[in-house]
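As provided, entry.txt (compact mmCIF, C-alpha atoms) reads as follows.
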# COMPACT_ATOMS: atom_id res chain seq x y z
CA MET A 1 0.00 0.00 0.00
CA PHE A 2 1.49 3.34 -1.08
CA ALA A 3 0.95 6.35 1.19
CA ASP A 4 1.76 9.90 0.08
CA ARG A 5 -0.09 11.81 2.81
CA ALA A 6 -0.15 11.42 6.58
CA LYS A 7 -1.24 13.38 9.64
CA ILE A 8 0.93 13.12 12.74
CA ARG A 9 1.40 14.90 16.07
CA ILE A 10 4.90 16.10 16.95
CA ARG A 11 6.38 17.67 20.06
CA SER A 12 9.79 18.83 21.22
CA GLY A 13 10.94 18.00 24.75
CA ARG A 14 10.19 20.05 27.84
CA GLY A 15 13.12 21.56 29.73
CA GLY A 16 13.85 20.15 33.18
CA ASP A 17 13.06 22.26 36.25
CA GLY A 18 15.80 23.97 38.21
CA HIS A 19 16.46 22.56 41.68
CA VAL A 20 16.20 24.18 45.11
CA SER A 21 18.77 22.91 47.62
CA PHE A 22 21.45 24.18 50.02
CA ARG A 23 24.91 22.96 50.95
CA ARG A 24 24.86 20.68 53.93
CA GLU A 25 28.38 19.85 55.01
CA LYS A 26 30.07 19.01 58.25
CA TYR A 27 31.28 22.10 60.05
CA VAL A 28 29.32 24.33 57.64
CA ALA A 29 26.25 25.47 59.57
CA ASN A 30 24.52 27.46 56.84
CA GLY A 31 25.72 26.54 53.36
CA GLY A 32 24.68 28.58 50.36
CA PRO A 33 22.33 27.53 47.55
CA ASP A 34 23.58 24.72 45.32
CA GLY A 35 20.53 23.76 43.24
CA GLY A 36 21.50 22.62 39.73
CA ASP A 37 19.97 23.61 36.37
CA GLY A 38 17.46 21.47 34.51
CA GLY A 39 18.44 19.71 31.30
CA ARG A 40 17.38 20.98 27.89
CA GLY A 41 14.46 19.30 26.13
CA GLY A 42 15.19 17.29 22.98
CA ASP A 43 14.68 18.76 19.50
CA LEU A 44 12.24 17.41 16.91
CA VAL A 45 14.30 16.87 13.73
CA LEU A 46 13.29 15.96 10.16
CA GLU A 47 15.84 14.10 8.05
CA VAL A 48 15.66 12.93 4.43
CA ASP A 49 16.29 9.19 3.99
CA PRO A 50 17.26 8.35 0.36
CA GLY A 51 16.00 4.79 0.92
CA LEU A 52 12.40 5.91 1.48
CA ASN A 53 9.89 6.69 -1.27
CA THR A 54 6.58 6.52 0.60
CA LEU A 55 5.02 7.71 3.88
CA ASN A 56 3.85 4.19 4.75
CA GLU A 57 5.37 4.00 8.22
CA PHE A 58 3.32 7.00 9.37
CA ARG A 59 0.14 4.93 8.95
CA TYR A 60 1.09 2.93 12.04
CA LYS A 61 2.73 5.51 14.29
CA ARG A 62 1.08 8.93 14.66
CA LYS A 63 2.88 10.52 17.64
CA TYR A 64 6.53 11.58 17.64
CA PHE A 65 7.72 13.18 20.90
CA ALA A 66 11.27 14.19 21.80
CA GLY A 67 12.62 13.41 25.27
CA ASP A 68 12.11 15.80 28.21
CA GLY A 69 15.06 17.26 30.09
CA GLU A 70 15.78 15.92 33.56
CA PRO A 71 15.41 18.26 36.57
CA GLY A 72 18.53 19.63 38.22
CA GLY A 73 19.91 18.11 41.40
CA LYS A 74 21.64 19.13 44.60
CA ARG A 75 25.37 19.99 44.62
CA ARG A 76 24.92 21.94 41.40
CA CYS A 77 24.22 18.79 39.40
CA HIS A 78 22.93 19.62 35.92
CA GLY A 79 19.95 17.57 34.71
CA ALA A 80 20.48 15.37 31.64
CA ASP A 81 19.32 16.77 28.29
CA GLY A 82 16.37 15.09 26.60
CA ASP A 83 16.95 12.86 23.56
CA ASP A 84 16.24 14.33 20.13
CA MET A 85 13.48 12.74 18.05
CA VAL A 86 14.67 12.26 14.45
CA ILE A 87 11.90 11.57 11.92
CA LYS A 88 13.06 10.15 8.59
CA VAL A 89 11.06 11.16 5.49
CA PRO A 90 11.47 10.64 1.72
CA ALA A 91 12.88 13.45 -0.40
CA GLY A 92 10.13 15.74 -1.66
CA THR A 93 8.11 15.72 1.58
CA ILE A 94 6.26 18.91 2.44
CA VAL A 95 5.24 19.58 6.04
CA ARG A 96 2.04 21.60 6.56
CA GLU A 97 0.38 22.88 9.74
CA ALA A 98 -2.75 20.75 10.03
CA GLN A 99 -5.33 23.45 10.81
CA THR A 100 -4.26 26.17 8.37
CA GLY A 101 -2.68 23.99 5.67
CA GLN A 102 0.25 26.43 5.52
CA VAL A 103 3.71 25.14 4.57
CA ILE A 104 6.18 24.81 7.46
CA THR A 105 9.05 23.34 5.44
CA ASP A 106 9.89 21.53 2.19
CA MET A 107 12.34 18.63 2.56
CA SER A 108 13.64 18.77 -1.02
CA TYR A 109 16.90 19.25 -2.90
CA GLU A 110 19.56 20.70 -0.51
CA ASN A 111 17.31 20.62 2.55
CA HIS A 112 18.32 17.22 3.95
CA ARG A 113 18.00 17.91 7.67
CA GLU A 114 16.06 20.51 9.63
CA VAL A 115 15.34 21.13 13.31
CA LEU A 116 11.59 21.65 13.11
CA LEU A 117 10.81 22.18 16.82
CA LYS A 118 13.42 23.29 19.33
CA GLY A 119 13.35 21.76 22.79
CA GLY A 120 12.57 23.92 25.82
CA ASN A 121 15.46 25.35 27.83
CA GLY A 122 16.10 23.93 31.26
CA GLY A 123 15.25 26.07 34.30
CA LYS A 124 17.96 27.67 36.42
CA GLY A 125 18.64 26.29 39.88
CA ASN A 126 18.43 28.46 42.98
CA GLN A 127 22.23 28.95 42.96
CA HIS A 128 21.68 31.65 40.31
CA TYR A 129 19.37 33.75 42.49
CA ALA A 130 21.62 34.39 45.47
CA THR A 131 22.29 38.10 46.06
CA PRO A 132 23.87 40.07 48.92
CA THR A 133 20.37 40.75 50.25
CA MET A 134 18.85 37.34 49.36
CA GLN A 135 21.40 34.70 50.34
CA VAL A 136 18.96 31.78 50.74
CA PRO A 137 16.70 31.87 47.66
CA LYS A 138 14.04 29.21 48.04
CA TYR A 139 12.87 29.26 44.45
CA ALA A 140 14.18 28.03 41.11
CA GLN A 141 13.12 28.52 37.50
CA PRO A 142 10.82 25.92 35.93
CA GLY A 143 11.84 24.42 32.58
CA LYS A 144 10.28 25.82 29.43
CA PRO A 145 7.66 23.60 27.79
CA GLY A 146 8.21 21.98 24.42
CA ILE A 147 6.30 22.95 21.28
CA GLU A 148 3.51 20.65 20.12
CA LEU A 149 1.94 20.67 16.66
CA GLU A 150 -0.30 18.56 14.48
CA VAL A 151 1.16 18.46 10.98
CA ILE A 152 0.37 16.95 7.60
CA LEU A 153 3.16 15.25 5.66
CA GLU A 154 2.63 15.41 1.91
CA LEU A 155 4.90 13.71 -0.60
CA LYS A 156 5.49 15.34 -4.00
CA VAL A 157 7.96 13.20 -5.90
CA ILE A 158 11.07 14.79 -7.40
CA ALA A 159 11.52 13.81 -11.06
CA ASP A 160 12.80 15.51 -14.23
CA ALA A 161 10.10 14.04 -16.48
CA GLY A 162 6.61 12.80 -15.72
CA LEU A 163 4.72 10.12 -17.64
CA VAL A 164 1.04 11.08 -17.79
CA GLY A 165 -1.85 9.43 -19.57
CA PHE A 166 -5.08 7.54 -19.09
CA PRO A 167 -5.00 4.15 -17.34
CA ASN A 168 -3.71 1.17 -19.28
CA VAL A 169 -1.86 3.07 -22.02
CA GLY A 170 1.51 1.45 -21.19
CA LYS A 171 3.25 3.89 -18.82
CA SER A 172 4.37 1.19 -16.39
CA THR A 173 5.59 -0.98 -19.27
CA LEU A 174 7.70 1.87 -20.65
CA LEU A 175 9.14 2.69 -17.23
CA SER A 176 10.15 -0.94 -16.66
CA ARG A 177 11.86 -1.01 -20.08
CA VAL A 178 13.90 2.20 -19.78
CA THR A 179 14.81 2.15 -16.05
CA ASN A 180 15.58 -0.25 -13.23
CA ALA A 181 12.12 0.30 -11.73
CA GLN A 182 9.89 -2.75 -11.39
CA PRO A 183 6.28 -1.54 -11.35
CA LYS A 184 3.43 -4.03 -11.29
CA ILE A 185 2.01 -4.44 -14.79
CA ALA A 186 -1.37 -5.86 -15.68
CA ASN A 187 -4.23 -5.25 -18.07
CA TYR A 188 -6.45 -3.48 -15.53
CA HIS A 189 -7.83 0.01 -15.48
CA PHE A 190 -6.21 1.19 -12.28
CA THR A 191 -3.30 -1.19 -12.03
CA THR A 192 -0.92 1.59 -10.90
CA LEU A 193 -1.92 3.24 -7.64
CA ASN A 194 1.37 4.88 -6.79
CA PRO A 195 4.03 6.94 -8.58
CA ASN A 196 7.03 4.84 -9.61
CA LEU A 197 10.42 6.49 -10.03
CA GLY A 198 13.28 5.30 -12.21
CA VAL A 199 16.60 6.59 -13.56
CA VAL A 200 17.07 6.58 -17.34
CA ASP A 201 20.69 5.90 -18.38
CA LEU A 202 21.59 7.21 -21.83
CA GLU A 203 24.73 6.30 -23.79
CA GLY A 204 26.88 9.40 -24.31
CA ALA A 205 24.65 11.65 -22.19
CA ASP A 206 23.69 12.25 -18.59
CA GLY A 207 20.65 10.34 -17.38
CA PHE A 208 17.49 11.76 -15.87
CA VAL A 209 14.79 10.75 -13.41
CA ILE A 210 11.40 9.77 -14.79
CA ALA A 211 8.18 9.23 -12.82
CA ASP A 212 5.22 7.11 -13.87
CA ILE A 213 2.29 9.21 -12.62
CA PRO A 214 -0.81 7.04 -11.98
CA GLY A 215 -3.59 7.09 -14.54
CA LEU A 216 -5.60 10.28 -14.73
CA ILE A 217 -9.30 10.46 -15.51
CA GLU A 218 -11.63 13.26 -16.50
CA GLY A 219 -12.47 15.35 -13.42
CA ALA A 220 -9.21 14.54 -11.64
CA SER A 221 -8.54 18.25 -10.98
CA GLU A 222 -11.80 18.36 -9.03
CA GLY A 223 -10.71 15.42 -6.89
CA ILE A 224 -12.71 12.80 -8.77
CA GLY A 225 -11.24 9.33 -8.30
CA LEU A 226 -7.76 9.76 -6.84
CA GLY A 227 -7.22 12.96 -8.82
CA HIS A 228 -5.56 15.22 -6.25
CA GLU A 229 -3.43 12.38 -4.91
CA PHE A 230 -2.12 11.74 -8.44
CA LEU A 231 -1.78 15.33 -9.64
CA ARG A 232 0.36 16.53 -6.73
CA HIS A 233 3.22 14.33 -7.96
CA ILE A 234 3.72 16.25 -11.21
CA GLU A 235 4.23 19.61 -9.49
CA ARG A 236 8.03 19.24 -9.51
CA THR A 237 8.45 17.70 -13.00
CA ARG A 238 9.99 19.84 -15.76
CA VAL A 239 8.82 17.89 -18.85
CA MET A 240 5.54 16.04 -19.46
CA ILE A 241 5.49 12.86 -21.56
CA HIS A 242 1.92 12.22 -22.72
CA MET A 243 1.37 8.54 -23.42
CA VAL A 244 -1.59 7.55 -25.55
CA ASP A 245 -2.90 4.27 -26.94
CA ALA A 246 -2.37 5.07 -30.64
CA ALA A 247 -3.92 1.72 -31.64
CA SER A 248 -7.13 2.52 -29.74
CA THR A 249 -7.17 -1.05 -28.39
CA GLU A 250 -9.92 -0.01 -25.96
CA GLY A 251 -11.79 2.20 -28.39
CA ARG A 252 -10.45 5.50 -27.03
CA ASP A 253 -9.66 8.55 -29.19
CA PRO A 254 -5.92 9.40 -28.62
CA VAL A 255 -6.39 13.06 -29.64
CA GLU A 256 -9.27 13.58 -27.22
CA ASP A 257 -7.36 11.79 -24.44
CA ILE A 258 -4.50 14.29 -24.71
CA ARG A 259 -6.93 17.24 -24.75
CA ILE A 260 -8.71 15.91 -21.65
CA ILE A 261 -5.48 15.48 -19.69
CA ASN A 262 -4.26 18.96 -20.67
CA ARG A 263 -7.57 20.42 -19.49
CA GLU A 264 -7.15 18.64 -16.15
CA LEU A 265 -3.59 19.95 -15.82
CA GLU A 266 -4.75 23.47 -16.67
CA ALA A 267 -7.56 23.29 -14.12
CA TYR A 268 -5.24 21.97 -11.41
CA ASN A 269 -2.28 24.29 -12.05
CA ALA A 270 -1.89 26.44 -15.17
CA GLU A 271 1.86 26.66 -14.62
CA ILE A 272 2.19 22.87 -14.90
CA ALA A 273 0.15 22.78 -18.12
CA ALA A 274 2.53 25.34 -19.67
CA ARG A 275 5.63 23.17 -19.19
CA PRO A 276 7.28 21.46 -22.21
CA GLN A 277 5.41 18.40 -23.51
CA VAL A 278 6.04 15.50 -25.86
CA ILE A 279 3.64 12.79 -27.06
CA ALA A 280 4.53 9.10 -26.95
CA ALA A 281 2.10 7.34 -29.32
CA ASN A 282 2.31 3.85 -27.84
CA LYS A 283 1.22 0.38 -29.01
CA ILE A 284 2.25 0.84 -32.64
CA ASP A 285 3.14 -2.86 -32.61
CA CYS A 286 -0.61 -3.54 -32.60
CA PHE A 287 -1.30 -2.14 -36.09
CA TYR A 288 0.59 -1.60 -39.34
CA GLY A 289 0.57 0.04 -42.73
CA GLU A 290 -2.00 2.61 -43.69
CA ASP A 291 -3.86 2.50 -40.35
CA ARG A 292 -0.71 3.36 -38.45
CA GLU A 293 0.18 6.25 -40.76
CA THR A 294 -3.34 7.64 -40.60
CA VAL A 295 -3.31 7.85 -36.79
CA LEU A 296 0.22 9.26 -36.59
CA THR A 297 -0.56 11.88 -39.25
CA LEU A 298 -3.67 12.90 -37.34
CA LEU A 299 -1.71 13.29 -34.08
CA ARG A 300 1.10 15.26 -35.78
CA GLU A 301 -1.29 17.62 -37.59
CA GLU A 302 -3.15 18.23 -34.34
CA PHE A 303 -0.24 18.85 -31.94
CA GLU A 304 3.03 19.58 -33.77
CA PRO A 305 1.82 23.06 -34.85
CA GLU A 306 1.62 23.76 -31.09
CA GLY A 307 5.28 22.74 -30.71
CA ILE A 308 4.51 19.29 -29.25
CA ARG A 309 6.48 16.52 -31.01
CA VAL A 310 4.88 13.11 -31.61
CA PHE A 311 7.00 9.93 -31.31
CA PRO A 312 5.55 6.54 -32.37
CA ILE A 313 6.79 3.92 -29.90
CA SER A 314 6.17 0.41 -28.67
CA ALA A 315 6.86 -0.02 -24.96
CA VAL A 316 6.70 -3.80 -25.51
CA THR A 317 9.17 -4.17 -28.40
CA GLY A 318 11.23 -1.03 -27.73
CA GLU A 319 10.61 0.46 -31.20
CA GLY A 320 11.12 4.25 -31.19
CA VAL A 321 11.88 4.40 -27.44
CA LYS A 322 15.52 5.49 -27.81
CA GLU A 323 14.59 8.42 -30.06
CA LEU A 324 11.94 9.52 -27.55
CA LEU A 325 14.35 9.42 -24.60
CA TYR A 326 17.10 11.39 -26.33
CA TYR A 327 14.55 14.03 -27.35
CA VAL A 328 13.31 14.29 -23.72
CA LYS A 329 16.94 14.70 -22.60
CA GLN A 330 17.34 17.50 -25.16
CA MET A 331 14.20 19.20 -23.83
CA LEU A 332 15.54 18.99 -20.27
CA ASP A 333 18.88 20.49 -21.34
CA GLU A 334 17.12 23.34 -23.12
CA SER A 335 14.63 24.05 -20.36
CA GLN A 336 15.72 26.20 -17.45
CA GLU A 337 16.33 24.00 -14.43
CA GLU A 338 13.96 25.64 -12.00
CA LYS A 339 13.68 23.78 -8.73
CA VAL A 340 10.12 23.83 -7.45
CA VAL A 341 10.44 24.57 -3.74
CA PHE A 342 7.43 25.39 -1.59
CA GLU A 343 8.15 28.49 0.48
CA ARG A 344 7.60 28.64 4.21
CA GLU A 345 4.19 30.09 5.11
CA TYR A 346 3.82 29.12 8.77
CA LEU A 347 6.21 30.39 11.44
CA ILE A 348 6.46 28.24 14.55
CA LYS A 349 6.25 30.36 17.68
CA GLU A 350 7.91 29.38 20.91
CA PRO A 351 5.57 29.31 23.91
CA ASN A 352 5.11 32.78 25.34
CA PHE A 353 3.95 32.82 28.93
CA ALA A 354 2.68 36.37 28.46
CA ASP A 355 0.07 34.96 26.06
CA GLU A 356 -1.31 32.51 28.64
CA PRO A 357 -4.80 33.43 29.79
CA PHE A 358 -6.05 34.35 33.24
CA THR A 359 -9.45 35.26 34.67
CA VAL A 360 -10.45 37.77 37.32
CA ALA A 361 -13.94 37.33 38.78
CA LYS A 362 -16.04 38.20 41.81
CA SER A 363 -17.08 35.22 43.95
CA GLU A 364 -20.78 34.47 43.71
CA GLU A 365 -20.73 32.53 46.98
CA GLU A 366 -18.86 34.84 49.35
CA GLU A 367 -19.13 38.61 49.75
CA GLY A 368 -15.86 40.54 49.40
CA VAL A 369 -13.97 37.61 47.80
CA PHE A 370 -12.33 37.84 44.37
CA LEU A 371 -10.94 34.93 42.35
CA VAL A 372 -7.86 35.11 40.10
CA GLU A 373 -7.08 31.96 38.11
CA GLY A 374 -5.16 30.84 35.05
CA PRO A 375 -1.93 29.09 33.96
CA ARG A 376 0.05 32.35 33.90
CA VAL A 377 -0.79 33.02 37.56
CA GLU A 378 -0.08 29.40 38.55
CA ARG A 379 3.30 29.54 36.83
CA MET A 380 4.26 32.79 38.56
CA LEU A 381 3.29 31.46 42.01
CA GLY A 382 5.23 28.27 41.30
CA TYR A 383 8.59 30.04 41.12
CA THR A 384 8.02 32.98 43.48
CA ASN A 385 8.93 32.84 47.16
CA LEU A 386 6.17 34.88 48.77
CA ASP A 387 7.79 34.55 52.22
CA SER A 388 10.64 36.82 51.18
CA GLU A 389 10.41 40.59 50.84
CA LYS A 390 11.93 40.54 47.37
CA GLY A 391 9.61 37.75 46.25
CA PHE A 392 6.55 39.61 47.48
CA GLU A 393 7.67 42.76 45.65
CA PHE A 394 7.97 40.71 42.46
CA PHE A 395 4.48 39.31 43.08
CA GLN A 396 2.97 42.81 43.40
CA LYS A 397 4.77 43.98 40.27
CA PHE A 398 3.43 40.97 38.37
CA LEU A 399 -0.16 41.82 39.38
CA LYS A 400 0.28 45.40 38.21
CA ASN A 401 2.13 44.73 34.92
CA ASN A 402 -0.35 42.06 33.81
CA GLY A 403 -3.39 44.24 34.46
CA ILE A 404 -4.73 42.06 37.30
CA LEU A 405 -4.91 44.94 39.79
CA GLU A 406 -6.74 47.03 37.20
CA GLU A 407 -9.27 44.24 36.62
CA LEU A 408 -9.85 43.88 40.37
CA GLU A 409 -10.50 47.60 40.71
CA LYS A 410 -12.98 47.48 37.81
CA LEU A 411 -14.89 44.79 39.70
CA GLY A 412 -15.09 47.12 42.73
CA ILE A 413 -12.56 45.60 45.12
CA GLU A 414 -12.09 47.51 48.36
CA GLU A 415 -9.47 47.53 51.11
CA GLY A 416 -9.80 44.54 53.35
CA ASP A 417 -11.40 42.35 50.66
CA THR A 418 -9.92 38.88 50.00
CA VAL A 419 -8.16 37.78 46.82
CA GLN A 420 -7.85 34.02 46.22
CA MET A 421 -5.21 32.76 43.78
CA CYS A 422 -4.56 29.09 43.11
CA GLY A 423 -4.79 28.05 46.76
CA TRP A 424 -3.28 31.24 48.13
CA GLN A 425 -5.30 33.91 49.96
CA PHE A 426 -4.39 37.61 50.30
CA GLU A 427 -5.92 40.69 51.87
CA TYR A 428 -6.18 43.61 49.50
CA TYR A 429 -4.62 47.01 50.42
CA LYS A 430 -3.96 49.96 48.17

Encoded form (C-alpha cells):
Amino acid sequence: MFADRAKIRIRSGRGGDGHVSFRREKYVANGGPDGGDGGRGGDLVLEVDPGLNTLNEFRYKRKYFAGDGEPGGKRRCHGADGDDMVIKVPAGTIVREAQTGQVITDMSYENHREVLLKGGNGGKGNQHYATPTMQVPKYAQPGKPGIELEVILELKVIADAGLVGFPNVGKSTLLSRVTNAQPKIANYHFTTLNPNLGVVDLEGADGFVIADIPGLIEGASEGIGLGHEFLRHIERTRVMIHMVDAASTEGRDPVEDIRIINRELEAYNAEIAARPQVIAANKIDCFYGEDRETVLTLLREEFEPEGIRVFPISAVTGEGVKELLYYVKQMLDESQEEKVVFEREYLIKEPNFADEPFTVAKSEEEEGVFLVEGPRVERMLGYTNLDSEKGFEFFQKFLKNNGILEELEKLGIEEGDTVQMCGWQFEYYK
C-alpha cells in the first residue's frame, strides 16, 4: 500500500526544572544555595532518507515526541538533556500545519536535515538567584515547555520528467523497459496506484529521473477518483510525456485523451500545463501500414503546430523508445532547471507565557472575595517565594504589569477584601 499523505502529532521536549537545595556539610552550619539547572528538552528533527519513497510508516505511528530534560539536582548537578526525536522522510516531503494547511518546510533538494521544533530550555537552579540581600533563595526557574503541533506530511515526488496518460496506455511498461524500476504491470484500469520512479541511463549523455504518474481520468482536478493524490506528484516535473494508446485497443480517441489530460492539468495548475510536452504514441506494434500512418498523421497535424512533437513507440518491443528518450533529454537540457520549492508560510512560535490566559472574577458565593485563576498566575506562584520581601515585591509587580490589579479595581474591590489565587489567599490594600 502506497501512502503519500499522513497526519501526525509532533512535540519537542520540555526543559527540566531547576532545583532548590542548600549545601549541607560538616562544620558548615549554613551553606549557600547549590541547586542545579534542569536539562534541555530534545529537538524534533526531520531528516531525508534516500532509501524511502513513501510515507507508509506513518500509517502505524502517529505521535513523535522528543525526550524531556531531567530536573537539576543538589550539589549543582545539571539535569540530563532530553533525547532528540529524528523523523526520517522521503525526499520531496512537504510539512504543513494541520489546521491552516500552511507550509512549514519543504524537505527537497539541498534541505536534507532541519530542526523543526526546538526543545525547551532547562530552568535555572536556585544557585543563580543568590544576592547580597537574598542569600537563601528558596525558588528556582521551571523548565520551558516543548512545542507541540499537528502536521500533515505530503509527498510530492522529485523527477525531471513525468509520464502522464489515461490508465492502461503502457506507462508502467515503458518505465520498466527504460529504467531499473519494477512496477506491477497488468491489463487493468487502475493497475498503478502509486508513482514509480526510475533513472534513465543514456549512452553518451547524462541520465534523468522519470516518474510514472498514476492514470488520470476526466475530473481529476476536481478530486474525482484519486485525482488530487495523483496530480500533486507532477508539481516538480519539468517535462511532461503524454502517453496515448495510438492503436485505440480499448476504443479511445488518442487526440481527445491528450486534450482531456491537458484540461485537467490546466484546471489543477496552469503553470504545470505550460511546461514542455512530448507525445509518446504507444502500441504501434498492434497495427501496421495505412492505419498506423493515418493515426500518426492525425496526431502530428493536431499537436506539432503547437510545438509538441509526436513519437511513435512500442513499450513492448522497444521500437522508437531510444529516439523519444534522447529528445526528452534535449528538452531537459534546453529548459531552465527551476527547482520547485514550496516556500515557508507558517512560522512556529515558541511558547510565550505572556500569552497565557487568566481570569479575574467576583465570587458568587462569598461577599468581598475575588478569584484570580489561570496558567500564567499558577506559573508565577510556582517560582516565586512569597515569604521573602523581594519575592513579594515581584508578586505585586506581576499583578500590576499584567493588568490584574486594574481588573480587580474594575470589579469594585475595596481595602480589606480577600483575593484568592490558586490556593493562596491575600488581603487587599492599596

Quick one: pull the distance between CA of Glu343 in chain A and CA of Gly119 in chain A, Å, one decimal.
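For CA of Glu343 in chain A relative to CA of Gly119 in chain A, the distance reads 23.9 Å.
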
Which neighbours of Thr173 in chain A fall inside 7 Å, counting only C-alpha atoms, when residues of the same chain fewer than 2 positions from it are skipped, and could you give them as a PyMOL selection string?
chain A and resi 170-171+175-177+185+315-316

Test item: residues at most 7 Å from range 89-100 of chain A, all atoms listed in the file, excluding those fewer than 5 positions along its chain, as a PyMOL selection string:
chain A and resi 47-50+52-54+105-108+150-158

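Among the candidates A:Cys286, A:Phe342, A:Leu296, A:Thr249, the residue lying nearest to Thr317 in chain A is A:Cys286 (atoms considered: only C-alpha atoms).
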
Test item: residues at most 10 Å from Glu250 in chain A, all atoms listed in the file, excluding those fewer than 5 positions along its chain, as a list in words:
Asn168, Val169 and Asp245 of chain A

Name the closest residue to Gly368 in chain A among the candidates A:Leu332, A:Gly320, A:Lys397, A:Val419; distances are taken between atoms, counting only C-alpha atoms.
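Answer, going by the shortest atom-to-atom distance: A:Val419.
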
Excluding same-chain residues fewer than 2 positions from Lys390 in chain A, what lies within 12 Å of it counting all atoms listed in the file, as a PyMOL selection string?
chain A and resi 129-131+133-139+384-388+392-397

Expressed in Å, the length from CA of Gln127 in chain A to CA of Gly41 in chain A is 20.9 Å

Looking at A:Glu110, A:Phe303, A:Gly165, A:Ala281, which one is nearest to Ile260 in chain A, with distances taken over all atoms listed in the file?
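Closest residue, counting all atoms listed in the file: A:Gly165.
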
Contacts of Gln277 in chain A at 10 Å (all atoms listed in the file; same-chain gap of 4+ positions) as a ChimeraX atom specification:
/A:161-162,238-242,273,307-310,328,331

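In terms of minimum interatomic distance to Gly101 in chain A, A:Tyr346 ranks closest within A:Phe426, A:Phe370, A:Phe22, A:Tyr346, counting only C-alpha atoms.
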
Top pick for closest residue to Ser248 in chain A, considering A:Arg263, A:Arg40, A:Arg292, A:His78 and counting all atoms listed in the file:
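Residue with the minimum atom-to-atom distance to Ser248 in chain A: A:Arg292.
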
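Protein, DNA and RNA residues at most 12 Å from (5.3, 2.8, 7.6), with all atoms listed in the file, are these: Met1, Phe2, Ala3, Asp4, Arg5, Ala6, Leu52, Asn53, Thr54, Leu55, Asn56, Glu57, Phe58, Arg59, Tyr60, Lys61, Arg62, Ile87, Lys88, Val89 and Pro90 of chain A.
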
Could you check how far CA of Leu324 in chain A sits from CA of Ile261 in chain A, in Å to one decimal?
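Going from CA of Leu324 in chain A over to CA of Ile261 in chain A, I get 20.0 Å.
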
So which residues fall inside 12 Å of (0.0, 25.9, -11.7) if we count only C-alpha atoms? Mind giving them as a PyMOL selection string?
chain A and resi 221+231-232+234-237+264-275+340

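The closest residue to Asp17 in chain A, picked from A:Arg75, A:Pro142, A:Ala66, A:Lys118 and counting all atoms listed in the file, is A:Pro142.
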
Please fill the gaps in range 115-126 of chain A so it has N, CA, C and O atoms, and write that as a PDB file, in the frame of the given file.
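Resulting contents of selection00.pdb:
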ATOM      1  N   VAL A 115      15.912  21.147  11.955  1.00  0.00           N
ATOM      2  CA  VAL A 115      15.340  21.130  13.310  1.00  0.00           C
ATOM      3  C   VAL A 115      13.998  21.847  13.224  1.00  0.00           C
ATOM      4  O   VAL A 115      13.948  23.067  13.091  1.00  0.00           O
ATOM      5  N   LEU A 116      12.923  21.082  13.299  1.00  0.00           N
ATOM      6  CA  LEU A 116      11.590  21.650  13.110  1.00  0.00           C
ATOM      7  C   LEU A 116      11.092  22.322  14.392  1.00  0.00           C
ATOM      8  O   LEU A 116      10.574  23.439  14.365  1.00  0.00           O
ATOM      9  N   LEU A 117      11.250  21.632  15.532  1.00  0.00           N
ATOM     10  CA  LEU A 117      10.810  22.180  16.820  1.00  0.00           C
ATOM     11  C   LEU A 117      11.972  22.123  17.799  1.00  0.00           C
ATOM     12  O   LEU A 117      12.537  21.059  18.030  1.00  0.00           O
ATOM     13  N   LYS A 118      12.328  23.251  18.363  1.00  0.00           N
ATOM     14  CA  LYS A 118      13.420  23.290  19.330  1.00  0.00           C
ATOM     15  C   LYS A 118      12.904  22.896  20.711  1.00  0.00           C
ATOM     16  O   LYS A 118      11.798  23.275  21.110  1.00  0.00           O
ATOM     17  N   GLY A 119      13.721  22.160  21.435  1.00  0.00           N
ATOM     18  CA  GLY A 119      13.350  21.760  22.790  1.00  0.00           C
ATOM     19  C   GLY A 119      13.371  22.942  23.742  1.00  0.00           C
ATOM     20  O   GLY A 119      14.083  23.936  23.522  1.00  0.00           O
ATOM     21  N   GLY A 120      12.606  22.842  24.830  1.00  0.00           N
ATOM     22  CA  GLY A 120      12.570  23.920  25.820  1.00  0.00           C
ATOM     23  C   GLY A 120      13.850  23.980  26.629  1.00  0.00           C
ATOM     24  O   GLY A 120      14.478  22.956  26.910  1.00  0.00           O
ATOM     25  N   ASN A 121      14.261  25.190  27.008  1.00  0.00           N
ATOM     26  CA  ASN A 121      15.460  25.350  27.830  1.00  0.00           C
ATOM     27  C   ASN A 121      15.194  24.868  29.253  1.00  0.00           C
ATOM     28  O   ASN A 121      14.080  24.984  29.773  1.00  0.00           O
ATOM     29  N   GLY A 122      16.227  24.348  29.872  1.00  0.00           N
ATOM     30  CA  GLY A 122      16.100  23.930  31.260  1.00  0.00           C
ATOM     31  C   GLY A 122      16.031  25.136  32.190  1.00  0.00           C
ATOM     32  O   GLY A 122      16.583  26.202  31.892  1.00  0.00           O
ATOM     33  N   GLY A 123      15.351  24.975  33.326  1.00  0.00           N
ATOM     34  CA  GLY A 123      15.250  26.070  34.300  1.00  0.00           C
ATOM     35  C   GLY A 123      16.527  26.202  35.121  1.00  0.00           C
ATOM     36  O   GLY A 123      17.264  25.241  35.316  1.00  0.00           O
ATOM     37  N   LYS A 124      16.770  27.413  35.609  1.00  0.00           N
ATOM     38  CA  LYS A 124      17.960  27.670  36.420  1.00  0.00           C
ATOM     39  C   LYS A 124      17.700  27.260  37.866  1.00  0.00           C
ATOM     40  O   LYS A 124      16.625  27.489  38.415  1.00  0.00           O
ATOM     41  N   GLY A 125      18.732  26.661  38.475  1.00  0.00           N
ATOM     42  CA  GLY A 125      18.640  26.290  39.880  1.00  0.00           C
ATOM     43  C   GLY A 125      18.744  27.501  40.788  1.00  0.00           C
ATOM     44  O   GLY A 125      19.120  28.607  40.347  1.00  0.00           O
ATOM     45  N   ASN A 126      18.459  27.301  42.079  1.00  0.00           N
ATOM     46  CA  ASN A 126      18.430  28.460  42.980  1.00  0.00           C
ATOM     47  C   ASN A 126      19.812  29.053  43.225  1.00  0.00           C
ATOM     48  O   ASN A 126      19.935  30.154  43.763  1.00  0.00           O
TER      49      ASN A 126
END
